>>> print(open('entry-v4.txt').read())   # compact mmCIF, C-alpha atoms
# COMPACT_ATOMS: atom_id res chain seq x y z
CA SER A 1384 -160.58 19.41 -50.90
CA THR A 1385 -159.39 16.89 -48.41
CA HIS A 1386 -158.68 14.43 -51.20
CA TYR A 1387 -156.62 17.01 -53.05
CA PHE A 1388 -154.68 17.80 -49.89
CA ILE A 1389 -153.72 14.18 -49.37
CA THR A 1390 -152.94 13.61 -53.06
CA SER A 1391 -150.78 16.72 -53.33
CA HIS A 1392 -148.71 15.61 -50.39
CA VAL A 1393 -148.36 12.09 -51.77
CA PHE A 1394 -146.68 13.65 -54.79
CA LEU A 1395 -144.85 16.28 -52.81
CA VAL A 1396 -143.12 13.85 -50.46
CA PRO A 1397 -141.30 11.88 -53.18
CA THR A 1398 -140.37 15.15 -54.85
CA MET A 1399 -138.95 16.48 -51.60
CA ILE A 1400 -137.03 13.24 -51.04
CA MET A 1401 -135.55 13.33 -54.53
CA SER A 1402 -134.53 16.96 -54.05
CA PHE A 1403 -132.89 16.12 -50.75
CA VAL A 1404 -131.05 13.18 -52.31
CA GLY A 1405 -129.88 15.38 -55.17
CA ILE A 1406 -128.58 18.02 -52.79
CA SER A 1407 -126.90 15.32 -50.71
CA LEU A 1408 -125.21 13.83 -53.75
CA LEU A 1409 -124.04 17.28 -54.79
CA PHE A 1410 -122.65 17.83 -51.31
CA LEU A 1411 -120.85 14.49 -51.41
CA HIS A 1412 -119.37 15.37 -54.78
CA VAL A 1413 -117.95 18.59 -53.37
CA ALA A 1414 -116.71 16.83 -50.23
CA VAL A 1415 -114.52 14.37 -52.14
CA SER A 1416 -112.07 17.16 -53.00
CA VAL A 1417 -108.88 16.12 -51.23
CA THR A 1418 -105.38 17.49 -50.83
CA ILE A 1419 -102.29 15.38 -51.42
CA PHE A 1420 -102.03 14.97 -47.63
CA GLU A 1421 -105.35 13.09 -47.61
CA VAL A 1422 -104.62 10.38 -50.17
CA GLY A 1423 -102.56 7.20 -50.09
CA HIS A 1424 -101.33 5.25 -47.07
CA TYR A 1425 -99.93 7.53 -44.37
CA GLN A 1426 -97.02 5.90 -42.53
CA GLY A 1427 -96.49 8.56 -39.87
CA PRO A 1428 -93.76 11.17 -39.43
CA ILE A 1429 -90.13 10.76 -40.46
CA ASP A 1430 -87.48 10.12 -37.83
CA SER A 1431 -86.35 13.10 -35.76
CA LEU A 1432 -83.50 14.00 -33.44
CA PRO A 1433 -84.00 16.19 -30.36
CA GLU A 1434 -82.54 19.67 -30.12
CA GLY A 1435 -78.74 19.63 -29.98
CA GLU A 1436 -78.31 16.21 -31.60
CA PHE A 1437 -77.02 15.75 -35.15
CA PRO A 1438 -75.97 12.90 -37.42
CA THR A 1439 -72.20 12.45 -37.30
CA PRO A 1440 -70.02 13.57 -40.21
CA GLU A 1441 -69.05 9.93 -40.81
CA ARG A 1442 -72.68 8.83 -41.04
CA MET A 1443 -73.60 11.66 -43.38
CA THR A 1444 -70.57 11.14 -45.59
CA LYS A 1445 -71.11 7.41 -46.00
CA LEU A 1446 -74.83 7.31 -46.63
CA LEU A 1447 -77.92 9.41 -46.03
CA GLU A 1448 -80.76 6.94 -46.43
CA GLU A 1449 -83.90 8.71 -45.20
CA PRO A 1450 -85.12 12.21 -44.31
CA ILE A 1451 -84.34 13.36 -40.78
CA LEU A 1452 -85.99 16.18 -38.80
CA LEU A 1453 -83.53 18.09 -36.61
CA LYS A 1454 -85.50 19.94 -33.95
CA GLY A 1455 -84.18 23.37 -32.99
CA ALA A 1456 -81.13 23.04 -35.24
CA ALA A 1457 -81.49 26.59 -36.60
CA LYS A 1458 -82.30 28.39 -33.36
CA THR A 1459 -78.75 29.68 -32.88
CA MET A 1460 -78.35 30.94 -36.44
CA PRO A 1461 -78.51 34.74 -36.92
CA ALA A 1462 -81.18 34.26 -39.60
CA ILE A 1463 -83.68 33.36 -36.87
CA ASN A 1464 -83.81 37.12 -36.22
CA TRP A 1465 -84.61 38.07 -39.83
CA THR A 1466 -87.87 39.90 -39.19
CA ASP A 1467 -89.19 42.31 -41.82
CA GLU A 1468 -87.91 45.20 -39.72
CA TYR A 1469 -84.45 43.66 -39.46
CA LEU A 1470 -84.25 42.93 -43.19
CA PHE A 1471 -85.46 46.42 -44.09
CA LYS A 1472 -82.86 47.98 -41.80
CA HIS A 1473 -79.83 45.81 -42.63
CA PHE A 1474 -80.42 44.52 -46.17
CA PRO A 1475 -82.72 46.98 -47.98
CA ARG A 1476 -80.71 47.05 -51.20
CA VAL A 1477 -79.73 43.42 -51.58
CA ARG A 1478 -81.42 41.89 -54.60
CA LEU A 1479 -83.56 38.79 -54.86
CA ASP A 1480 -82.66 37.31 -58.22
CA GLN A 1481 -86.06 35.64 -58.65
CA VAL A 1482 -89.55 36.50 -57.38
CA GLU A 1483 -92.36 34.30 -58.69
CA SER A 1484 -95.89 35.59 -59.25
CA GLU A 1485 -97.65 32.54 -57.78
CA LYS A 1486 -97.83 30.69 -54.49
CA LEU A 1487 -99.36 27.47 -55.81
CA GLU A 1488 -96.43 26.31 -57.91
CA THR A 1489 -97.04 25.47 -61.55
CA ARG A 1490 -93.56 26.35 -62.85
CA THR A 1491 -95.15 28.48 -65.55
CA ALA A 1492 -95.58 31.78 -63.67
CA GLU A 1493 -94.02 35.08 -64.63
CA VAL A 1494 -90.82 35.87 -62.75
CA ARG A 1495 -89.49 39.24 -61.65
CA GLN A 1496 -85.71 39.32 -61.53
CA ASN A 1497 -83.29 41.26 -59.33
CA GLU A 1498 -85.88 42.89 -57.09
CA LYS A 1499 -84.54 44.89 -54.16
CA MET A 1500 -85.37 43.54 -50.72
CA GLU A 1501 -87.05 46.81 -49.71
CA SER A 1502 -89.36 46.59 -52.73
CA PHE A 1503 -90.24 42.95 -51.99
CA LEU A 1504 -90.95 43.72 -48.31
CA LYS A 1505 -93.38 46.48 -49.28
CA ARG A 1506 -95.53 44.27 -51.47
CA TYR A 1507 -95.20 40.59 -50.49
CA ARG A 1508 -97.94 40.66 -47.83
CA GLN A 1509 -100.48 42.18 -50.23
CA GLU A 1510 -99.61 40.28 -53.41
CA SER A 1511 -99.46 36.59 -54.27
CA ILE A 1512 -95.69 36.44 -54.78
CA TYR A 1513 -92.91 34.13 -53.65
CA GLY A 1514 -89.26 35.11 -53.35
CA ILE A 1515 -87.15 32.13 -54.43
CA SER A 1516 -83.66 33.50 -54.74
CA THR A 1517 -80.03 32.66 -54.37
CA VAL A 1518 -79.12 33.94 -50.91
CA PRO A 1519 -77.60 37.42 -51.41
CA LYS A 1520 -73.90 37.40 -50.51
CA GLU A 1521 -74.45 40.04 -47.80
CA MET A 1522 -76.73 37.59 -45.95
CA LEU A 1523 -74.67 34.40 -46.22
CA ASP A 1524 -73.10 34.60 -42.75
CA GLY A 1525 -76.58 34.47 -41.22
CA ILE A 1526 -76.96 30.78 -42.04
CA HIS A 1527 -74.81 27.91 -40.79
CA LEU A 1528 -73.89 24.60 -42.31
CA LEU A 1529 -74.99 22.05 -39.73
CA PRO A 1530 -72.29 20.33 -37.62
CA PHE A 1531 -72.01 17.24 -39.83
CA PHE A 1532 -70.37 19.55 -42.40
CA ASN A 1533 -67.58 20.43 -39.94
CA CYS A 1534 -65.32 17.73 -41.36
CA GLY A 1535 -65.32 14.50 -43.31
CA GLY A 1536 -65.48 15.87 -46.82
CA LEU A 1537 -69.03 17.09 -47.44
CA THR A 1538 -67.87 20.71 -47.83
CA LYS A 1539 -66.28 19.63 -51.12
CA ASN A 1540 -69.74 18.93 -52.52
CA LEU A 1541 -71.77 22.12 -51.93
CA ARG A 1542 -73.88 22.86 -55.01
CA GLN A 1543 -76.39 25.73 -54.56
CA HIS A 1544 -78.34 27.61 -51.90
CA LEU A 1545 -81.75 29.31 -52.05
CA LEU A 1546 -83.85 31.69 -49.94
CA TRP A 1547 -87.60 30.90 -49.80
CA PHE A 1548 -89.64 33.91 -48.65
CA SER A 1549 -93.41 34.53 -48.71
CA SER A 1550 -96.37 35.67 -46.63
CA GLY A 1551 -97.40 32.01 -46.37
CA GLY A 1552 -99.83 29.70 -48.12
CA THR A 1553 -97.33 28.37 -50.66
CA ALA A 1554 -97.53 24.86 -52.12
CA SER A 1555 -94.93 23.15 -54.28
CA VAL A 1556 -95.37 20.62 -57.05
CA ILE A 1557 -94.38 17.04 -56.27
CA HIS A 1558 -90.79 16.63 -57.42
CA TYR A 1559 -87.42 15.26 -56.42
CA ASP A 1560 -83.99 16.87 -55.96
CA VAL A 1561 -80.91 15.56 -57.71
CA TYR A 1562 -78.83 16.48 -54.64
CA ASN A 1563 -79.17 16.01 -50.87
CA ASN A 1564 -80.81 18.90 -49.06
CA GLN A 1565 -80.26 20.85 -45.82
CA TYR A 1566 -83.45 22.87 -45.34
CA CYS A 1567 -83.84 25.25 -42.36
CA LEU A 1568 -86.93 27.27 -41.47
CA PHE A 1569 -86.60 30.64 -39.74
CA SER A 1570 -90.20 31.86 -39.77
CA GLY A 1571 -93.57 30.12 -40.06
CA SER A 1572 -94.45 26.44 -40.34
CA LYS A 1573 -94.28 23.99 -43.24
CA ARG A 1574 -95.41 20.45 -43.84
CA PHE A 1575 -93.50 18.06 -46.12
CA ALA A 1576 -94.83 14.87 -47.69
CA PHE A 1577 -92.23 12.28 -48.72
CA TRP A 1578 -92.49 9.30 -51.09
CA HIS A 1579 -89.67 6.74 -51.25
CA PRO A 1580 -87.55 6.56 -54.44
CA THR A 1581 -88.61 2.92 -54.89
CA ASN A 1582 -91.88 4.37 -56.25
CA SER A 1583 -90.06 5.94 -59.20
CA LYS A 1584 -91.52 3.72 -61.94
CA LYS A 1585 -95.04 4.51 -60.79
CA ILE A 1586 -94.62 8.19 -60.02
CA GLU A 1587 -92.64 8.99 -63.15
CA SER A 1588 -95.43 7.88 -65.46
CA LYS A 1589 -98.28 9.60 -67.26
CA GLU A 1590 -100.73 7.72 -65.03
CA PHE A 1591 -99.40 9.78 -62.13
CA GLY A 1592 -99.30 13.03 -64.10
CA TRP A 1593 -95.50 13.08 -64.43
CA TYR A 1594 -94.25 15.85 -66.68
CA GLN A 1595 -90.79 16.42 -68.17
CA ALA A 1596 -90.59 20.01 -69.28
CA ASP A 1597 -87.38 19.51 -71.21
CA GLU A 1598 -88.93 16.78 -73.33
CA GLU A 1599 -92.52 18.01 -73.58
CA ASP A 1600 -92.02 21.50 -74.93
CA ILE A 1601 -95.68 22.43 -74.48
CA GLU A 1602 -95.23 25.27 -72.02
CA GLU A 1603 -92.11 27.29 -72.72
CA GLN A 1604 -91.65 28.59 -69.18
CA ALA A 1605 -91.94 25.23 -67.45
CA TYR A 1606 -88.76 23.56 -66.20
CA GLY A 1607 -87.61 20.32 -64.62
CA GLU A 1608 -89.53 17.16 -63.88
CA TYR A 1609 -92.58 17.06 -61.61
CA ALA A 1610 -96.07 15.67 -61.12
CA LYS A 1611 -98.47 17.92 -62.95
CA LEU A 1612 -101.50 17.71 -60.71
CA ASN A 1613 -103.33 20.04 -58.37
CA VAL A 1614 -101.96 19.12 -54.93
CA SER A 1615 -104.72 21.14 -53.26
CA ASP A 1616 -107.49 19.22 -55.06
CA VAL A 1617 -106.18 15.88 -56.30
CA ASP A 1618 -108.15 14.44 -59.22
CA LEU A 1619 -108.29 10.80 -58.14
CA ALA A 1620 -110.51 9.91 -61.08
CA ARG A 1621 -107.68 10.94 -63.38
CA PHE A 1622 -104.73 9.98 -61.16
CA PRO A 1623 -105.97 7.13 -58.92
CA GLY A 1624 -102.46 5.81 -58.38
CA TRP A 1625 -101.65 8.47 -55.80
CA ASP A 1626 -104.21 6.84 -53.51
CA THR A 1627 -102.18 3.60 -53.51
CA LEU A 1628 -98.80 4.94 -52.40
CA SER A 1629 -97.34 4.93 -48.88
CA TRP A 1630 -95.87 8.18 -47.65
CA LYS A 1631 -94.45 9.92 -44.58
CA ASP A 1632 -94.51 13.54 -43.49
CA ALA A 1633 -92.61 16.12 -41.47
CA THR A 1634 -93.88 19.33 -39.93
CA ILE A 1635 -91.16 21.89 -39.30
CA GLU A 1636 -91.47 25.00 -37.18
CA ALA A 1637 -89.26 28.10 -37.02
CA GLY A 1638 -85.85 27.00 -35.78
CA ASP A 1639 -86.05 23.44 -37.18
CA CYS A 1640 -84.08 21.90 -40.04
CA LEU A 1641 -84.67 18.97 -42.34
CA VAL A 1642 -82.01 16.91 -44.05
CA PHE A 1643 -83.12 14.59 -46.81
CA PRO A 1644 -81.46 12.55 -49.54
CA ASN A 1645 -81.63 13.09 -53.26
CA SER A 1646 -84.29 11.24 -55.28
CA TRP A 1647 -86.97 11.32 -52.55
CA TYR A 1648 -90.18 12.68 -54.03
CA HIS A 1649 -91.62 15.47 -51.92
CA HIS A 1650 -94.26 18.17 -51.65
CA VAL A 1651 -94.00 21.24 -49.39
CA ALA A 1652 -96.91 23.32 -48.09
CA ALA A 1653 -96.64 26.41 -45.88
CA THR A 1654 -99.26 27.58 -43.40
CA SER A 1655 -100.86 30.99 -43.91
CA GLU A 1656 -98.29 32.85 -41.78
CA ARG A 1657 -95.09 34.57 -42.92
CA SER A 1658 -92.57 32.00 -44.08
CA LEU A 1659 -88.81 32.27 -44.52
CA ALA A 1660 -86.46 29.36 -45.15
CA VAL A 1661 -83.01 28.71 -46.58
CA ASN A 1662 -81.68 25.51 -48.07
CA VAL A 1663 -78.42 24.23 -49.51
CA TRP A 1664 -77.99 21.28 -51.84
CA PHE A 1665 -74.97 19.00 -51.55
CA SER A 1666 -73.92 15.81 -53.29
CA ASP A 1667 -72.75 12.54 -51.78
CA SER A 1668 -69.14 12.06 -50.79
CA SER A 1669 -67.47 8.79 -51.71
CA ASN A 1670 -64.82 8.87 -49.00
CA PHE A 1671 -64.77 9.94 -45.36
CA ASP A 1672 -61.84 12.31 -44.70
CA GLN A 1673 -60.65 11.58 -41.14
CA GLU A 1674 -57.69 13.95 -41.45
CA SER A 1675 -60.03 16.94 -41.80
CA CYS A 1676 -61.73 15.95 -38.55
CA ASP A 1677 -58.39 15.65 -36.77
CA LYS A 1678 -57.45 19.12 -38.04
CA VAL A 1679 -60.56 20.93 -36.79
CA THR A 1680 -60.17 19.19 -33.42
CA SER A 1681 -56.54 20.32 -33.15
CA LEU A 1682 -57.63 23.91 -33.83
CA GLY A 1683 -59.90 23.82 -30.79
CA PHE A 1684 -63.28 23.83 -32.52
CA ASN A 1685 -66.27 22.38 -30.69
CA GLN A 1686 -67.39 19.62 -33.04
CA THR A 1687 -70.92 19.63 -31.65
CA LYS A 1688 -71.44 23.21 -32.92
CA SER A 1689 -71.49 24.55 -36.46
CA ILE A 1690 -68.09 25.73 -37.67
CA PHE A 1691 -68.97 27.12 -41.10
CA THR A 1692 -71.44 29.75 -42.26
CA PHE A 1693 -72.67 29.81 -45.84
CA GLY A 1694 -70.35 32.78 -46.32
CA ASP A 1695 -67.28 30.66 -45.60
CA CYS A 1696 -67.91 28.43 -48.58
CA GLN A 1697 -67.96 28.11 -52.36
CA TYR A 1698 -70.82 26.61 -54.35
CA SER A 1699 -70.36 24.90 -57.69
CA ASP A 1700 -71.03 21.79 -59.75
CA GLU A 1701 -67.31 21.12 -59.37
CA GLU A 1702 -65.37 20.40 -56.16
CA THR A 1703 -65.88 23.14 -53.57
CA GLU A 1704 -64.29 24.15 -50.29
CA CYS A 1705 -65.00 26.12 -47.13
CA SER A 1706 -62.42 28.46 -45.62
CA LEU A 1707 -61.35 27.04 -42.27
CA LYS A 1708 -59.16 30.12 -41.81
CA ARG A 1709 -62.13 32.48 -42.15
CA ALA A 1710 -64.19 30.36 -39.77
CA TRP A 1711 -61.31 30.22 -37.25
CA LYS A 1712 -60.95 34.02 -37.24
CA ARG A 1713 -64.67 34.51 -36.68
CA HIS A 1714 -64.87 31.97 -33.85
CA HIS A 1715 -61.87 33.43 -32.05
CA LYS A 1716 -63.21 36.96 -32.49
CA ASN A 1717 -66.52 35.89 -30.97
CA SER A 1718 -64.71 34.11 -28.14
CA ALA A 1719 -62.61 37.22 -27.42
CA GLU A 1720 -65.72 39.42 -27.34
CA LYS A 1721 -67.39 37.05 -24.89
CA THR A 1722 -64.27 37.04 -22.71
CA GLU A 1723 -64.21 40.84 -22.63
CA LEU A 1724 -67.85 40.87 -21.60
>>> encode(input="entry-v4.txt", output="structure tokens")
Amino acid sequence: STHYFITSHVFLVPTMIMSFVGISLLFLHVAVSVTIFEVGHYQGPIDSLPEGEFPTPERMTKLLEEPILLKGAAKTMPAINWTDEYLFKHFPRVRLDQVESEKLETRTAEVRQNEKMESFLKRYRQESIYGISTVPKEMLDGIHLLPFFNCGGLTKNLRQHLLWFSSGGTASVIHYDVYNNQYCLFSGSKRFAFWHPTNSKKIESKEFGWYQADEEDIEEQAYGEYAKLNVSDVDLARFPGWDTLSWKDATIEAGDCLVFPNSWYHHVAATSERSLAVNVWFSDSSNFDQESCDKVTSLGFNQTKSIFTFGDCQYSDEETECSLKRAWKRHHKNSAEKTEL
């Protein structure tokens, strides 16, 4: 009996050890799941400017080299007050021209078009949907072009604007923009990862999962160029190159804006709270227009504050313009109202 007891435990112990090792290995296998923010060589946050400071029009017109975080740049814009209650009261019937049926972007999801704001507000907190829409014209005066657009020539190069609206938890594919980007957040928090354009030969390869929807007509609904990998669970066995790249990040809170150049690869992830942002794309300007700066100064504008709203401007692939006359009337009306008060 005693002999059996000892013998049984001699065999049991190795069996228990092997079981433990197996469980441990299984645990380690699960633990290696990593997000895109956990791979590669992190170089720290991008440069930032404190609240109230902006790049000059001359600097922005000549060359935008790297992403910049502008703290508090959107705090004075009316859109900072776009709560659900406000939107339901003031813009119930404006239409969102595109609402996607996914939060983890794959660029293959079904899209609902021309949904009324009141309909979107009733369902976006319960359903996994993401409003990605041209800003309705009735809402355009709620967003400002930042002060470096006041003069110099950049208002001739405004291309397109978009509203990004969800209950949170969204994640984009890794991609690049063909134009420069002003991106302002009015609700929630988002984290951006940026990879320098010098990595283009690596990133835009099959080894990194790069996909060109226009050339690879596999999925009819897909569009554009992007890295086709799961950013929430990066498969490093399949795409080990992502673990070799250097990258920077930026975390923006409600009231902050980002400005970043075209061709920078980036990924955007929102926290689980309500998220509302607006961006505008603009192309480079070859010449700095000093006369336009002299003109806005002569009209009495404060060059440290935004002059133009999105509603003052045109957007096109061709040369655009913003109405200085419309902006002047609005500023003087606001000044008169403040004087009366």
>>> closest_residue(input="entry-v4.txt", among="A:Leu1504, A:Ala1653, A:Ala1620, A:Ala1456", to="Tyr1469 (chain A)", atoms="all atoms listed in the file")
A:Leu1504
>>> atom_distance(input="entry-v4.txt", atom1="CA of Glu1498 (chain A)", atom2="CA of Gly1638 (chain A)")
26.6 Å
>>> closest_residue(input="entry-v4.txt", among="A:Glu1636, A:Ser1511, A:Phe1591, A:Asp1667", to="Asp1618 (chain A)", atoms="only C-alpha atoms")
A:Phe1591
>>> closest_residue(input="entry-v4.txt", among="A:Val1482, A:Val1651, A:Leu1612, A:Leu1537", to="Asp1672 (chain A)", atoms="all atoms listed in the file")
A:Leu1537
>>> closest_residue(input="entry-v4.txt", among="A:Thr1517, A:Ser1675, A:Asn1564, A:Ser1655", to="Leu1452 (chain A)", atoms="all atoms listed in the file")
A:Asn1564
>>> closest_residue(input="entry-v4.txt", among="A:Ser1484, A:Ser1629, A:Gln1565, A:Ser1431", to="Pro1644 (chain A)", atoms="only C-alpha atoms")
A:Gln1565
>>> closest_residue(input="entry-v4.txt", among="A:Leu1545, A:Leu1453, A:Ala1633, A:Ala1605", to="Val1518 (chain A)", atoms="all atoms listed in the file")
A:Leu1545
>>> atom_distance(input="entry-v4.txt", atom1="CA of Lys1688 (chain A)", atom2="CA of Trp1711 (chain A)")
13.1 Å
>>> atom_distance(input="entry-v4.txt", atom1="CA of Phe1693 (chain A)", atom2="CA of Thr1634 (chain A)")
24.4 Å
>>> residues_around(input="entry-v4.txt", residues="Phe1420 (chain A)", least_positions_apart="4", cutoff="10 Å", atoms="all atoms listed in the file", output="ChimeraX atom specification")
/A:1424-1425,1574-1576,1614-1615,1617,1630-1632,1650,1652
>>> residues_near_point(input="entry-v4.txt", point="(-82.6, 31.9, -37.2)", cutoff="9 Å", atoms="all atoms listed in the file", output="PDB file with C-alpha atoms, in the coordinates of the input")
ATOM      1  CA  ALA A1457     -81.490  26.590 -36.600  1.00  0.00           C
ATOM      2  CA  LYS A1458     -82.300  28.390 -33.360  1.00  0.00           C
ATOM      3  CA  THR A1459     -78.750  29.680 -32.880  1.00  0.00           C
ATOM      4  CA  MET A1460     -78.350  30.940 -36.440  1.00  0.00           C
ATOM      5  CA  PRO A1461     -78.510  34.740 -36.920  1.00  0.00           C
ATOM      6  CA  ALA A1462     -81.180  34.260 -39.600  1.00  0.00           C
ATOM      7  CA  ILE A1463     -83.680  33.360 -36.870  1.00  0.00           C
ATOM      8  CA  ASN A1464     -83.810  37.120 -36.220  1.00  0.00           C
ATOM      9  CA  TRP A1465     -84.610  38.070 -39.830  1.00  0.00           C
ATOM     10  CA  GLY A1525     -76.580  34.470 -41.220  1.00  0.00           C
ATOM     11  CA  ILE A1526     -76.960  30.780 -42.040  1.00  0.00           C
ATOM     12  CA  CYS A1567     -83.840  25.250 -42.360  1.00  0.00           C
ATOM     13  CA  LEU A1568     -86.930  27.270 -41.470  1.00  0.00           C
ATOM     14  CA  PHE A1569     -86.600  30.640 -39.740  1.00  0.00           C
ATOM     15  CA  SER A1570     -90.200  31.860 -39.770  1.00  0.00           C
ATOM     16  CA  ALA A1637     -89.260  28.100 -37.020  1.00  0.00           C
ATOM     17  CA  GLY A1638     -85.850  27.000 -35.780  1.00  0.00           C
TER      18      GLY A1638
END
>>> residues_around(input="entry-v4.txt", residues="Gly1624 (chain A)", least_positions_apart="3", cutoff="8 Å", atoms="only C-alpha atoms", output="ChimeraX atom specification")
/A:1585,1590-1591,1619,1627-1628
>>> write_last_selection(input="entry-v4.txt", atoms="C-alpha atoms", output="PDB file, keeping the file's coordinate frame")
ATOM      1  CA  LYS A1585     -95.040   4.510 -60.790  1.00  0.00           C
ATOM      2  CA  GLU A1590    -100.730   7.720 -65.030  1.00  0.00           C
ATOM      3  CA  PHE A1591     -99.400   9.780 -62.130  1.00  0.00           C
ATOM      4  CA  LEU A1619    -108.290  10.800 -58.140  1.00  0.00           C
ATOM      5  CA  THR A1627    -102.180   3.600 -53.510  1.00  0.00           C
ATOM      6  CA  LEU A1628     -98.800   4.940 -52.400  1.00  0.00           C
TER       7      LEU A1628
END
>>> residues_near_point(input="entry-v4.txt", point="(-82.4, 23.9, -43.8)", cutoff="6 Å", atoms="all atoms listed in the file", output="list in words")
Gln1565, Tyr1566, Cys1567, Cys1640, Leu1641, Val1661 and Asn1662 of chain A
>>> build_atoms(input="entry-v4.txt", residues="region 1540-1553 of chain A", atoms="N, CA, C and O atoms", output="PDB file, in the frame of the given file")
ATOM      1  N   ASN A1540     -68.628  19.288 -51.631  1.00  0.00           N
ATOM      2  CA  ASN A1540     -69.740  18.930 -52.520  1.00  0.00           C
ATOM      3  C   ASN A1540     -70.935  19.885 -52.411  1.00  0.00           C
ATOM      4  O   ASN A1540     -72.073  19.480 -52.619  1.00  0.00           O
ATOM      5  N   LEU A1541     -70.686  21.147 -52.061  1.00  0.00           N
ATOM      6  CA  LEU A1541     -71.770  22.120 -51.930  1.00  0.00           C
ATOM      7  C   LEU A1541     -72.171  22.635 -53.321  1.00  0.00           C
ATOM      8  O   LEU A1541     -71.331  23.112 -54.077  1.00  0.00           O
ATOM      9  N   ARG A1542     -73.449  22.566 -53.644  1.00  0.00           N
ATOM     10  CA  ARG A1542     -73.880  22.860 -55.010  1.00  0.00           C
ATOM     11  C   ARG A1542     -74.575  24.224 -55.154  1.00  0.00           C
ATOM     12  O   ARG A1542     -74.187  25.048 -55.952  1.00  0.00           O
ATOM     13  N   GLN A1543     -75.621  24.483 -54.397  1.00  0.00           N
ATOM     14  CA  GLN A1543     -76.390  25.730 -54.560  1.00  0.00           C
ATOM     15  C   GLN A1543     -77.211  25.982 -53.309  1.00  0.00           C
ATOM     16  O   GLN A1543     -77.620  25.043 -52.622  1.00  0.00           O
ATOM     17  N   HIS A1544     -77.464  27.265 -53.023  1.00  0.00           N
ATOM     18  CA  HIS A1544     -78.340  27.610 -51.900  1.00  0.00           C
ATOM     19  C   HIS A1544     -79.473  28.507 -52.405  1.00  0.00           C
ATOM     20  O   HIS A1544     -79.335  29.195 -53.423  1.00  0.00           O
ATOM     21  N   LEU A1545     -80.601  28.482 -51.681  1.00  0.00           N
ATOM     22  CA  LEU A1545     -81.750  29.310 -52.050  1.00  0.00           C
ATOM     23  C   LEU A1545     -82.437  29.851 -50.806  1.00  0.00           C
ATOM     24  O   LEU A1545     -82.492  29.192 -49.761  1.00  0.00           O
ATOM     25  N   LEU A1546     -82.995  31.054 -50.943  1.00  0.00           N
ATOM     26  CA  LEU A1546     -83.850  31.690 -49.940  1.00  0.00           C
ATOM     27  C   LEU A1546     -85.290  31.540 -50.402  1.00  0.00           C
ATOM     28  O   LEU A1546     -85.604  31.805 -51.562  1.00  0.00           O
ATOM     29  N   TRP A1547     -86.187  31.095 -49.496  1.00  0.00           N
ATOM     30  CA  TRP A1547     -87.600  30.900 -49.800  1.00  0.00           C
ATOM     31  C   TRP A1547     -88.405  31.830 -48.891  1.00  0.00           C
ATOM     32  O   TRP A1547     -88.425  31.637 -47.686  1.00  0.00           O
ATOM     33  N   PHE A1548     -89.075  32.833 -49.459  1.00  0.00           N
ATOM     34  CA  PHE A1548     -89.640  33.910 -48.650  1.00  0.00           C
ATOM     35  C   PHE A1548     -91.036  34.284 -49.181  1.00  0.00           C
ATOM     36  O   PHE A1548     -91.189  34.652 -50.344  1.00  0.00           O
ATOM     37  N   SER A1549     -92.042  34.186 -48.313  1.00  0.00           N
ATOM     38  CA  SER A1549     -93.410  34.530 -48.710  1.00  0.00           C
ATOM     39  C   SER A1549     -94.219  34.936 -47.491  1.00  0.00           C
ATOM     40  O   SER A1549     -93.762  34.824 -46.351  1.00  0.00           O
ATOM     41  N   SER A1550     -95.446  35.370 -47.731  1.00  0.00           N
ATOM     42  CA  SER A1550     -96.370  35.670 -46.630  1.00  0.00           C
ATOM     43  C   SER A1550     -97.124  34.428 -46.185  1.00  0.00           C
ATOM     44  O   SER A1550     -98.012  34.488 -45.343  1.00  0.00           O
ATOM     45  N   GLY A1551     -96.765  33.263 -46.742  1.00  0.00           N
ATOM     46  CA  GLY A1551     -97.400  32.010 -46.370  1.00  0.00           C
ATOM     47  C   GLY A1551     -98.361  31.504 -47.419  1.00  0.00           C
ATOM     48  O   GLY A1551     -98.659  32.181 -48.409  1.00  0.00           O
ATOM     49  N   GLY A1552     -98.847  30.270 -47.208  1.00  0.00           N
ATOM     50  CA  GLY A1552     -99.830  29.700 -48.120  1.00  0.00           C
ATOM     51  C   GLY A1552     -99.246  29.164 -49.412  1.00  0.00           C
ATOM     52  O   GLY A1552     -99.978  28.968 -50.386  1.00  0.00           O
ATOM     53  N   THR A1553     -97.947  28.905 -49.444  1.00  0.00           N
ATOM     54  CA  THR A1553     -97.330  28.370 -50.660  1.00  0.00           C
ATOM     55  C   THR A1553     -97.497  26.848 -50.712  1.00  0.00           C
ATOM     56  O   THR A1553     -97.663  26.186 -49.691  1.00  0.00           O
TER      57      THR A1553
END
